[in-house]
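S.K.: Below you will find the structure I want to go over with you.
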Amino acid sequence: MKETTKNKVNSRHFKIAAVLLVLTLCGLALWAFAPVLGMLGKPDASELIREYIDGFGPAGVFVFLAIQMLQIVVAFIPGEPIEVLAGMMYGTVPGLLMCMLGCFVGSILVFFLVKWLGRDFVHNFFSEEKLHKLKFLNDKTSFEKLTFLLFFIPGTPKDILTYVAGLTPIRPLRFFIISSIARIPSIVTSTLAGSLLIKGQAGNSIIAFAVAGVLSLVGIFIYNQIVKRYNAKREKQS
């Protein structure tokens with residue numbers, strides 16, 4: 001009994017330490033990201049942001065990674081502007097790799113926080129109604145089959161899928177690898193657009209943005225159809 005109580009206390013302390021670590025990382029990222037918010041909307045916003053992050057010197061890479069990780073953890077922050085910024089600063093492929101690394105680490109943080117803190121933690125970001133629509137993903141087989149597809153399709157709400165993954169029995173490493181690889185198409189369209197924009201190829205950049213927008217609209221439609229289909233199937237079986 002004493003050993004069980006001790007394990008529970010250690011587990012609680014570990015969870016508290018993990019949450020404090022994540023909050024610290026998010027706080028640092030917010031501190032770094034706050035000036036960027038004031039630059040958005042200005043005519044020379046892209047150049048100002050580049051100069052700001054470049055001002056950190058070699059540490060600018062870690063500032064960007066912190067911002068990308070924050071976007072994954074704080075689900076309501078849109079990811080596309082950050083991906084476009086990566087393209088502006090580092091180019092299409094290096095920007096893609098930077099975004100993927102940030103997404104990978106951010107997904108690990110979210111996944112294990114959900115595992116440790118449970119459904120109540122998820123409710124801080126998403127309503128029960130939204131989670132209920134994805135209840136069919138609680139089945140391990142369904143989730144593993146659909147993980148790649150849902151992350152591959154542009155426009156799907158990848159942030160909520162990352163949180164939902166922590167509520168399923170999917171193996172962590174399997175999820176991290178599948179979701180990271182599947183993100184490539186949607187990220188590369190944004191980094192390509194950013195890279196073209198900073199090179200002064202505004203016309204090509206607009207085309208890249210337009211293609212990404214159309215793909216996102218199609219992706220949202222496909223995602224909604226998948227959710228409706230599986231929920232209808234689940235209701236029929238019940």
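Quick note on naming: the chains in the structure tokens go A, B, ... in the order shown, residues restart at 1 in each chain, and ligands are numbered from 1 in order of appearance.
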Quick one: residues within 9 Å of A:Met69, only C-alpha atoms, excluding same-chain residues fewer than 2 positions away - as a tab-separated table (two decimals) with C-alpha atoms, in the first residue's frame?
M.R.:
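The resulting file, selection-v2.tsv, is reproduced below:
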chain	number	residue	atom	x	y	z
A	25	LEU	CA	8.87	26.60	-22.99
A	26	CYS	CA	5.57	28.17	-24.05
A	29	ALA	CA	8.17	31.10	-27.11
A	64	PHE	CA	11.91	29.86	-34.68
A	65	LEU	CA	11.69	26.25	-33.46
A	66	ALA	CA	10.18	27.48	-30.18
A	67	ILE	CA	7.57	29.45	-32.12
A	71	GLN	CA	1.90	26.65	-32.54
A	72	ILE	CA	1.43	22.90	-32.07
A	73	VAL	CA	0.88	23.09	-28.31
A	74	VAL	CA	-1.43	26.15	-28.39
A	99	CYS	CA	8.87	23.23	-39.58
A	101	LEU	CA	11.36	19.42	-36.57
A	102	GLY	CA	9.26	21.93	-34.63
A	103	CYS	CA	6.08	19.97	-35.37
A	104	PHE	CA	7.76	16.71	-34.36
A	105	VAL	CA	8.91	18.02	-30.97
A	106	GLY	CA	5.62	19.88	-30.40
A	107	SER	CA	3.64	16.72	-31.18
A	109	LEU	CA	4.94	17.34	-25.96
S.K.: List every residue of stretch 35-229 of chain A that DSSP, applied to the backbone of this structure, assigns to alpha helix (DSSP H), and report them as a tab-separated table (two decimals) with N, CA and C atoms, in the first residue's frame.
M.R.:
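The file below, part-v4.tsv, is the result:
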chain	number	residue	atom	x	y	z
A	35	PRO	N	6.82	40.26	-30.09
A	35	PRO	CA	7.14	41.37	-31.01
A	35	PRO	C	6.71	41.09	-32.44
A	36	VAL	N	6.68	39.80	-32.82
A	36	VAL	CA	6.28	39.44	-34.18
A	36	VAL	C	4.83	39.84	-34.44
A	37	LEU	N	3.98	39.69	-33.42
A	37	LEU	CA	2.57	40.04	-33.56
A	37	LEU	C	2.40	41.51	-33.94
A	38	GLY	N	3.25	42.36	-33.37
A	38	GLY	CA	3.17	43.79	-33.66
A	38	GLY	C	3.64	44.14	-35.07
A	39	MET	N	4.39	43.23	-35.68
A	39	MET	CA	4.91	43.47	-37.02
A	39	MET	C	3.94	43.03	-38.11
A	45	ALA	N	6.33	43.68	-43.37
A	45	ALA	CA	6.27	42.75	-42.25
A	45	ALA	C	7.29	41.61	-42.37
A	46	SER	N	7.37	41.03	-43.57
A	46	SER	CA	8.26	39.88	-43.75
A	46	SER	C	9.71	40.24	-43.46
A	47	GLU	N	10.13	41.43	-43.95
A	47	GLU	CA	11.52	41.87	-43.73
A	47	GLU	C	11.77	42.18	-42.26
A	48	LEU	N	10.79	42.80	-41.60
A	48	LEU	CA	10.92	43.12	-40.18
A	48	LEU	C	11.04	41.85	-39.34
A	49	ILE	N	10.23	40.86	-39.66
A	49	ILE	CA	10.27	39.60	-38.92
A	49	ILE	C	11.60	38.88	-39.13
A	50	ARG	N	12.06	38.89	-40.37
A	50	ARG	CA	13.35	38.27	-40.67
A	50	ARG	C	14.46	38.95	-39.87
A	51	GLU	N	14.46	40.27	-39.87
A	51	GLU	CA	15.50	41.02	-39.15
A	51	GLU	C	15.41	40.74	-37.65
A	52	TYR	N	14.18	40.62	-37.15
A	52	TYR	CA	13.98	40.37	-35.71
A	52	TYR	C	14.59	39.03	-35.32
A	53	ILE	N	14.24	37.98	-36.06
A	53	ILE	CA	14.75	36.64	-35.71
A	53	ILE	C	16.25	36.55	-36.00
A	54	ASP	N	16.70	37.19	-37.09
A	54	ASP	CA	18.14	37.20	-37.38
A	54	ASP	C	18.92	37.92	-36.29
A	60	GLY	N	18.70	32.32	-33.35
A	60	GLY	CA	17.46	32.57	-34.08
A	60	GLY	C	16.78	31.30	-34.54
A	61	VAL	N	17.60	30.29	-34.85
A	61	VAL	CA	17.04	28.99	-35.24
A	61	VAL	C	16.19	28.41	-34.12
A	62	PHE	N	16.69	28.52	-32.88
A	62	PHE	CA	15.95	27.97	-31.73
A	62	PHE	C	14.72	28.81	-31.42
A	63	VAL	N	14.82	30.12	-31.69
A	63	VAL	CA	13.64	30.97	-31.50
A	63	VAL	C	12.54	30.54	-32.45
A	64	PHE	N	12.91	30.30	-33.71
A	64	PHE	CA	11.91	29.86	-34.68
A	64	PHE	C	11.32	28.51	-34.27
A	65	LEU	N	12.18	27.57	-33.87
A	65	LEU	CA	11.69	26.25	-33.46
A	65	LEU	C	10.74	26.37	-32.27
A	66	ALA	N	11.05	27.27	-31.34
A	66	ALA	CA	10.18	27.48	-30.18
A	66	ALA	C	8.82	27.99	-30.61
A	67	ILE	N	8.83	28.91	-31.60
A	67	ILE	CA	7.57	29.45	-32.12
A	67	ILE	C	6.75	28.34	-32.79
A	68	GLN	N	7.42	27.49	-33.59
A	68	GLN	CA	6.73	26.40	-34.26
A	68	GLN	C	6.17	25.39	-33.26
A	69	MET	N	6.93	25.09	-32.22
A	69	MET	CA	6.45	24.18	-31.17
A	69	MET	C	5.25	24.78	-30.45
A	70	LEU	N	5.32	26.08	-30.19
A	70	LEU	CA	4.20	26.76	-29.51
A	70	LEU	C	2.93	26.65	-30.34
A	71	GLN	N	3.07	26.74	-31.66
A	71	GLN	CA	1.90	26.65	-32.54
A	71	GLN	C	1.23	25.29	-32.42
A	72	ILE	N	2.00	24.24	-32.22
A	72	ILE	CA	1.43	22.90	-32.07
A	72	ILE	C	0.76	22.74	-30.72
A	73	VAL	N	1.41	23.25	-29.67
A	73	VAL	CA	0.88	23.09	-28.31
A	73	VAL	C	-0.36	23.96	-28.11
A	80	GLU	N	-0.02	28.08	-40.83
A	80	GLU	CA	0.41	28.49	-42.17
A	80	GLU	C	1.31	29.73	-42.17
A	81	PRO	N	0.98	30.81	-41.41
A	81	PRO	CA	1.88	31.98	-41.43
A	81	PRO	C	3.30	31.64	-40.97
A	82	ILE	N	3.41	30.75	-40.00
A	82	ILE	CA	4.73	30.36	-39.50
A	82	ILE	C	5.49	29.57	-40.56
A	83	GLU	N	4.77	28.74	-41.29
A	83	GLU	CA	5.40	27.95	-42.36
A	83	GLU	C	5.85	28.87	-43.51
A	84	VAL	N	5.03	29.87	-43.82
A	84	VAL	CA	5.41	30.84	-44.85
A	84	VAL	C	6.66	31.60	-44.40
A	85	LEU	N	6.69	31.97	-43.12
A	85	LEU	CA	7.86	32.67	-42.57
A	85	LEU	C	9.11	31.79	-42.68
A	86	ALA	N	8.96	30.50	-42.46
A	86	ALA	CA	10.09	29.57	-42.58
A	86	ALA	C	10.64	29.59	-44.01
A	87	GLY	N	9.72	29.62	-44.98
A	87	GLY	CA	10.15	29.69	-46.37
A	87	GLY	C	10.88	30.98	-46.68
A	88	MET	N	10.41	32.09	-46.09
A	88	MET	CA	11.06	33.38	-46.30
A	88	MET	C	12.47	33.40	-45.73
A	89	MET	N	12.62	32.80	-44.55
A	89	MET	CA	13.89	32.90	-43.83
A	89	MET	C	14.92	31.87	-44.27
A	90	TYR	N	14.46	30.66	-44.54
A	90	TYR	CA	15.40	29.57	-44.77
A	90	TYR	C	15.32	28.94	-46.16
A	92	THR	N	12.76	26.96	-49.30
A	92	THR	CA	11.70	25.95	-49.35
A	92	THR	C	12.04	24.69	-48.56
A	93	VAL	N	13.13	24.03	-48.91
A	93	VAL	CA	13.47	22.75	-48.27
A	93	VAL	C	13.99	22.94	-46.84
A	94	PRO	N	14.96	23.84	-46.59
A	94	PRO	CA	15.38	24.04	-45.19
A	94	PRO	C	14.22	24.50	-44.31
A	95	GLY	N	13.35	25.35	-44.86
A	95	GLY	CA	12.18	25.80	-44.10
A	95	GLY	C	11.26	24.64	-43.78
A	96	LEU	N	11.09	23.75	-44.76
A	96	LEU	CA	10.28	22.54	-44.54
A	96	LEU	C	10.86	21.71	-43.40
A	97	LEU	N	12.18	21.52	-43.41
A	97	LEU	CA	12.83	20.70	-42.38
A	97	LEU	C	12.70	21.36	-41.00
A	98	MET	N	12.83	22.69	-40.96
A	98	MET	CA	12.67	23.42	-39.69
A	98	MET	C	11.26	23.24	-39.14
A	99	CYS	N	10.27	23.38	-40.01
A	99	CYS	CA	8.87	23.23	-39.58
A	99	CYS	C	8.60	21.80	-39.11
A	100	MET	N	9.12	20.83	-39.84
A	100	MET	CA	8.90	19.44	-39.48
A	100	MET	C	9.52	19.11	-38.12
A	101	LEU	N	10.71	19.66	-37.86
A	101	LEU	CA	11.36	19.42	-36.57
A	101	LEU	C	10.54	20.04	-35.44
A	102	GLY	N	10.09	21.28	-35.64
A	102	GLY	CA	9.26	21.93	-34.63
A	102	GLY	C	7.96	21.20	-34.40
A	103	CYS	N	7.32	20.73	-35.48
A	103	CYS	CA	6.08	19.97	-35.37
A	103	CYS	C	6.31	18.64	-34.66
A	104	PHE	N	7.44	18.00	-34.96
A	104	PHE	CA	7.76	16.71	-34.36
A	104	PHE	C	7.90	16.84	-32.84
A	105	VAL	N	8.69	17.82	-32.41
A	105	VAL	CA	8.91	18.02	-30.97
A	105	VAL	C	7.61	18.49	-30.29
A	106	GLY	N	6.89	19.41	-30.95
A	106	GLY	CA	5.62	19.88	-30.40
A	106	GLY	C	4.61	18.76	-30.26
A	107	SER	N	4.57	17.86	-31.23
A	107	SER	CA	3.64	16.72	-31.18
A	107	SER	C	3.98	15.78	-30.03
A	108	ILE	N	5.28	15.60	-29.78
A	108	ILE	CA	5.70	14.76	-28.66
A	108	ILE	C	5.22	15.35	-27.34
A	109	LEU	N	5.39	16.67	-27.19
A	109	LEU	CA	4.94	17.34	-25.96
A	109	LEU	C	3.44	17.18	-25.77
A	110	VAL	N	2.67	17.44	-26.83
A	110	VAL	CA	1.21	17.36	-26.74
A	110	VAL	C	0.78	15.92	-26.44
A	111	PHE	N	1.34	14.97	-27.16
A	111	PHE	CA	0.94	13.57	-27.02
A	111	PHE	C	1.10	13.09	-25.59
A	112	PHE	N	2.28	13.34	-25.01
A	112	PHE	CA	2.54	12.82	-23.67
A	112	PHE	C	1.84	13.64	-22.58
A	113	LEU	N	1.62	14.92	-22.84
A	113	LEU	CA	0.82	15.70	-21.89
A	113	LEU	C	-0.60	15.15	-21.81
A	114	VAL	N	-1.17	14.80	-22.96
A	114	VAL	CA	-2.52	14.22	-22.98
A	114	VAL	C	-2.51	12.86	-22.28
A	115	LYS	N	-1.48	12.07	-22.52
A	115	LYS	CA	-1.37	10.76	-21.86
A	115	LYS	C	-1.32	10.91	-20.35
A	116	TRP	N	-0.58	11.91	-19.88
A	116	TRP	CA	-0.40	12.09	-18.44
A	116	TRP	C	-1.59	12.78	-17.78
A	117	LEU	N	-2.15	13.78	-18.46
A	117	LEU	CA	-3.18	14.61	-17.83
A	117	LEU	C	-4.60	14.23	-18.23
A	119	ARG	N	-8.20	13.51	-20.53
A	119	ARG	CA	-9.18	14.22	-21.35
A	119	ARG	C	-9.44	15.64	-20.87
A	120	ASP	N	-9.35	15.85	-19.55
A	120	ASP	CA	-9.60	17.19	-19.01
A	120	ASP	C	-8.62	18.21	-19.58
A	121	PHE	N	-7.38	17.79	-19.80
A	121	PHE	CA	-6.38	18.68	-20.38
A	121	PHE	C	-6.78	19.07	-21.81
A	122	VAL	N	-7.30	18.11	-22.56
A	122	VAL	CA	-7.71	18.36	-23.94
A	122	VAL	C	-8.86	19.36	-23.98
A	128	GLU	N	-16.12	19.23	-25.92
A	128	GLU	CA	-16.49	17.81	-25.96
A	128	GLU	C	-17.22	17.49	-27.26
A	129	GLU	N	-17.93	18.49	-27.79
A	129	GLU	CA	-18.65	18.28	-29.05
A	129	GLU	C	-17.67	17.97	-30.19
A	130	LYS	N	-16.57	18.72	-30.25
A	130	LYS	CA	-15.58	18.48	-31.29
A	130	LYS	C	-14.91	17.13	-31.11
A	131	LEU	N	-14.63	16.77	-29.85
A	131	LEU	CA	-13.98	15.48	-29.58
A	131	LEU	C	-14.92	14.33	-29.90
A	132	HIS	N	-16.23	14.54	-29.65
A	132	HIS	CA	-17.20	13.48	-29.91
A	132	HIS	C	-17.26	13.13	-31.39
A	133	LYS	N	-17.07	14.14	-32.26
A	133	LYS	CA	-17.11	13.89	-33.70
A	133	LYS	C	-15.97	12.97	-34.14
A	140	LYS	N	-8.12	1.63	-32.34
A	140	LYS	CA	-6.72	1.66	-32.76
A	140	LYS	C	-6.56	1.42	-34.26
A	141	THR	N	-7.30	0.44	-34.78
A	141	THR	CA	-7.18	0.09	-36.19
A	141	THR	C	-7.61	1.26	-37.07
A	142	SER	N	-8.74	1.87	-36.72
A	142	SER	CA	-9.25	3.01	-37.50
A	142	SER	C	-8.27	4.17	-37.46
A	143	PHE	N	-7.73	4.44	-36.27
A	143	PHE	CA	-6.85	5.60	-36.13
A	143	PHE	C	-5.58	5.42	-36.95
A	144	GLU	N	-4.98	4.24	-36.88
A	144	GLU	CA	-3.74	4.01	-37.62
A	144	GLU	C	-3.97	4.06	-39.13
A	145	LYS	N	-5.12	3.60	-39.56
A	145	LYS	CA	-5.44	3.65	-40.99
A	145	LYS	C	-5.64	5.08	-41.47
A	146	LEU	N	-6.26	5.89	-40.63
A	146	LEU	CA	-6.64	7.24	-41.05
A	146	LEU	C	-5.61	8.31	-40.71
A	147	THR	N	-4.66	8.01	-39.80
A	147	THR	CA	-3.70	9.02	-39.38
A	147	THR	C	-2.96	9.63	-40.56
A	148	PHE	N	-2.40	8.79	-41.40
A	148	PHE	CA	-1.63	9.31	-42.54
A	148	PHE	C	-2.53	10.12	-43.47
A	149	LEU	N	-3.72	9.58	-43.77
A	149	LEU	CA	-4.63	10.26	-44.69
A	149	LEU	C	-5.04	11.63	-44.17
A	150	LEU	N	-5.42	11.70	-42.89
A	150	LEU	CA	-5.91	12.95	-42.32
A	150	LEU	C	-4.80	14.00	-42.21
A	151	PHE	N	-3.58	13.57	-41.93
A	151	PHE	CA	-2.48	14.52	-41.85
A	151	PHE	C	-1.96	14.89	-43.24
A	152	PHE	N	-2.15	14.00	-44.20
A	152	PHE	CA	-1.67	14.23	-45.56
A	152	PHE	C	-2.53	15.26	-46.29
A	158	LYS	N	-5.20	19.52	-38.05
A	158	LYS	CA	-4.16	18.62	-37.55
A	158	LYS	C	-3.90	18.78	-36.06
A	159	ASP	N	-4.15	19.98	-35.53
A	159	ASP	CA	-3.89	20.22	-34.11
A	159	ASP	C	-4.78	19.36	-33.22
A	160	ILE	N	-6.08	19.32	-33.54
A	160	ILE	CA	-6.99	18.50	-32.73
A	160	ILE	C	-6.67	17.02	-32.90
A	161	LEU	N	-6.21	16.63	-34.09
A	161	LEU	CA	-5.84	15.24	-34.32
A	161	LEU	C	-4.64	14.85	-33.47
A	162	THR	N	-3.72	15.79	-33.26
A	162	THR	CA	-2.55	15.53	-32.41
A	162	THR	C	-2.99	15.31	-30.97
A	163	TYR	N	-3.96	16.11	-30.51
A	163	TYR	CA	-4.46	15.94	-29.15
A	163	TYR	C	-5.25	14.63	-29.01
A	164	VAL	N	-6.07	14.34	-30.01
A	164	VAL	CA	-6.87	13.11	-29.97
A	164	VAL	C	-5.98	11.87	-29.96
A	165	ALA	N	-4.83	11.96	-30.63
A	165	ALA	CA	-3.90	10.82	-30.68
A	165	ALA	C	-3.50	10.37	-29.27
A	172	PRO	N	3.27	5.60	-29.67
A	172	PRO	CA	3.79	6.97	-29.84
A	172	PRO	C	4.71	7.15	-31.03
A	173	LEU	N	5.75	6.31	-31.15
A	173	LEU	CA	6.72	6.48	-32.23
A	173	LEU	C	6.06	6.33	-33.59
A	174	ARG	N	5.13	5.40	-33.69
A	174	ARG	CA	4.42	5.18	-34.94
A	174	ARG	C	3.64	6.44	-35.33
A	175	PHE	N	2.98	7.04	-34.35
A	175	PHE	CA	2.20	8.24	-34.62
A	175	PHE	C	3.11	9.40	-35.03
A	176	PHE	N	4.23	9.59	-34.32
A	176	PHE	CA	5.12	10.71	-34.62
A	176	PHE	C	5.69	10.60	-36.03
A	177	ILE	N	6.08	9.41	-36.44
A	177	ILE	CA	6.67	9.22	-37.76
A	177	ILE	C	5.62	9.42	-38.85
A	178	ILE	N	4.47	8.78	-38.68
A	178	ILE	CA	3.41	8.87	-39.70
A	178	ILE	C	2.93	10.30	-39.86
A	179	SER	N	2.63	10.97	-38.76
A	179	SER	CA	2.09	12.33	-38.83
A	179	SER	C	3.12	13.31	-39.38
A	180	SER	N	4.40	13.12	-39.04
A	180	SER	CA	5.44	14.03	-39.52
A	180	SER	C	5.61	13.92	-41.03
A	181	ILE	N	5.69	12.70	-41.53
A	181	ILE	CA	5.85	12.50	-42.97
A	181	ILE	C	4.62	13.01	-43.73
A	182	ALA	N	3.45	12.76	-43.17
A	182	ALA	CA	2.21	13.14	-43.85
A	182	ALA	C	2.02	14.65	-43.91
A	184	ILE	N	4.21	16.79	-44.85
A	184	ILE	CA	5.11	17.39	-45.84
A	184	ILE	C	4.38	18.17	-46.95
A	185	PRO	N	3.36	17.59	-47.62
A	185	PRO	CA	2.73	18.34	-48.73
A	185	PRO	C	2.15	19.69	-48.31
A	186	SER	N	1.46	19.73	-47.17
A	186	SER	CA	0.83	20.99	-46.76
A	186	SER	C	1.88	22.01	-46.32
A	187	ILE	N	2.98	21.55	-45.69
A	187	ILE	CA	4.02	22.48	-45.25
A	187	ILE	C	4.81	23.02	-46.44
A	188	VAL	N	5.14	22.13	-47.39
A	188	VAL	CA	6.01	22.55	-48.49
A	188	VAL	C	5.33	23.58	-49.39
A	189	THR	N	4.01	23.53	-49.51
A	189	THR	CA	3.33	24.56	-50.31
A	189	THR	C	3.47	25.93	-49.65
A	190	SER	N	3.46	25.96	-48.31
A	190	SER	CA	3.60	27.23	-47.60
A	190	SER	C	5.03	27.75	-47.65
A	191	THR	N	6.01	26.85	-47.43
A	191	THR	CA	7.42	27.31	-47.46
A	191	THR	C	7.82	27.72	-48.87
A	192	LEU	N	7.27	27.04	-49.88
A	192	LEU	CA	7.54	27.43	-51.27
A	192	LEU	C	6.99	28.82	-51.55
A	193	ALA	N	5.76	29.08	-51.10
A	193	ALA	CA	5.15	30.40	-51.30
A	193	ALA	C	5.98	31.48	-50.61
A	194	GLY	N	6.43	31.20	-49.38
A	194	GLY	CA	7.25	32.17	-48.65
A	194	GLY	C	8.58	32.42	-49.33
A	195	SER	N	9.20	31.35	-49.82
A	195	SER	CA	10.49	31.47	-50.50
A	195	SER	C	10.36	32.30	-51.78
A	196	LEU	N	9.31	32.06	-52.55
A	196	LEU	CA	9.09	32.82	-53.78
A	196	LEU	C	8.80	34.29	-53.48
A	197	LEU	N	8.04	34.51	-52.41
A	197	LEU	CA	7.66	35.88	-52.04
A	197	LEU	C	8.88	36.72	-51.68
A	198	ILE	N	9.79	36.14	-50.89
A	198	ILE	CA	10.95	36.89	-50.43
A	198	ILE	C	11.94	37.12	-51.57
A	202	ALA	N	6.48	37.59	-56.80
A	202	ALA	CA	5.14	37.72	-56.22
A	202	ALA	C	4.09	36.93	-57.01
A	203	GLY	N	4.20	36.96	-58.35
A	203	GLY	CA	3.23	36.24	-59.18
A	203	GLY	C	3.23	34.75	-58.89
A	204	ASN	N	4.42	34.16	-58.88
A	204	ASN	CA	4.53	32.72	-58.58
A	204	ASN	C	4.09	32.41	-57.16
A	205	SER	N	4.39	33.34	-56.26
A	205	SER	CA	3.99	33.15	-54.87
A	205	SER	C	2.47	33.13	-54.74
A	206	ILE	N	1.81	34.04	-55.46
A	206	ILE	CA	0.33	34.09	-55.43
A	206	ILE	C	-0.24	32.79	-55.98
A	207	ILE	N	0.38	32.27	-57.04
A	207	ILE	CA	-0.07	31.00	-57.60
A	207	ILE	C	0.05	29.89	-56.57
A	208	ALA	N	1.20	29.86	-55.85
A	208	ALA	CA	1.42	28.84	-54.82
A	208	ALA	C	0.38	28.97	-53.70
A	209	PHE	N	0.09	30.22	-53.30
A	209	PHE	CA	-0.93	30.45	-52.27
A	209	PHE	C	-2.31	29.98	-52.77
A	210	ALA	N	-2.60	30.28	-54.03
A	210	ALA	CA	-3.90	29.90	-54.59
A	210	ALA	C	-4.06	28.38	-54.65
A	211	VAL	N	-3.00	27.71	-55.08
A	211	VAL	CA	-3.03	26.24	-55.13
A	211	VAL	C	-3.22	25.67	-53.73
A	212	ALA	N	-2.48	26.24	-52.77
A	212	ALA	CA	-2.60	25.77	-51.38
A	212	ALA	C	-4.02	26.01	-50.85
A	213	GLY	N	-4.61	27.17	-51.21
A	213	GLY	CA	-5.96	27.47	-50.76
A	213	GLY	C	-6.99	26.51	-51.33
A	214	VAL	N	-6.86	26.22	-52.62
A	214	VAL	CA	-7.79	25.28	-53.27
A	214	VAL	C	-7.65	23.89	-52.65
A	215	LEU	N	-6.41	23.45	-52.46
A	215	LEU	CA	-6.17	22.13	-51.86
A	215	LEU	C	-6.74	22.07	-50.45
A	216	SER	N	-6.62	23.18	-49.71
A	216	SER	CA	-7.16	23.21	-48.35
A	216	SER	C	-8.68	23.09	-48.35
A	217	LEU	N	-9.33	23.80	-49.27
A	217	LEU	CA	-10.79	23.71	-49.36
A	217	LEU	C	-11.24	22.30	-49.70
A	218	VAL	N	-10.53	21.69	-50.65
A	218	VAL	CA	-10.84	20.31	-51.02
A	218	VAL	C	-10.57	19.38	-49.83
A	219	GLY	N	-9.47	19.65	-49.13
A	219	GLY	CA	-9.11	18.83	-47.97
A	219	GLY	C	-10.15	18.92	-46.86
A	220	ILE	N	-10.65	20.13	-46.61
A	220	ILE	CA	-11.68	20.31	-45.58
A	220	ILE	C	-12.94	19.54	-45.95
A	221	PHE	N	-13.31	19.58	-47.24
A	221	PHE	CA	-14.49	18.84	-47.70
A	221	PHE	C	-14.30	17.34	-47.49
A	222	ILE	N	-13.13	16.83	-47.89
A	222	ILE	CA	-12.85	15.40	-47.74
A	222	ILE	C	-12.85	15.00	-46.26
A	223	TYR	N	-12.25	15.85	-45.42
A	223	TYR	CA	-12.21	15.58	-43.97
A	223	TYR	C	-13.62	15.48	-43.39
A	224	ASN	N	-14.46	16.44	-43.75
A	224	ASN	CA	-15.84	16.42	-43.24
A	224	ASN	C	-16.60	15.18	-43.71
A	225	GLN	N	-16.34	14.76	-44.94
A	225	GLN	CA	-17.00	13.57	-45.46
A	225	GLN	C	-16.53	12.31	-44.72
A	226	ILE	N	-15.24	12.25	-44.42
A	226	ILE	CA	-14.70	11.11	-43.67
A	226	ILE	C	-15.32	11.05	-42.28
A	227	VAL	N	-15.38	12.20	-41.60
A	227	VAL	CA	-15.97	12.25	-40.26
A	227	VAL	C	-17.43	11.82	-40.28
A	228	LYS	N	-18.19	12.34	-41.25
A	228	LYS	CA	-19.60	11.98	-41.36
A	228	LYS	C	-19.78	10.49	-41.63
A	229	ARG	N	-18.96	9.95	-42.53
A	229	ARG	CA	-19.07	8.54	-42.91
A	229	ARG	C	-18.81	7.63	-41.72
S.K.: For atom CA of A:Pro169 and atom CA of A:Pro78, determine how far apart the two atoms are, in Å to one decimal place.
M.R.: 27.4 Å
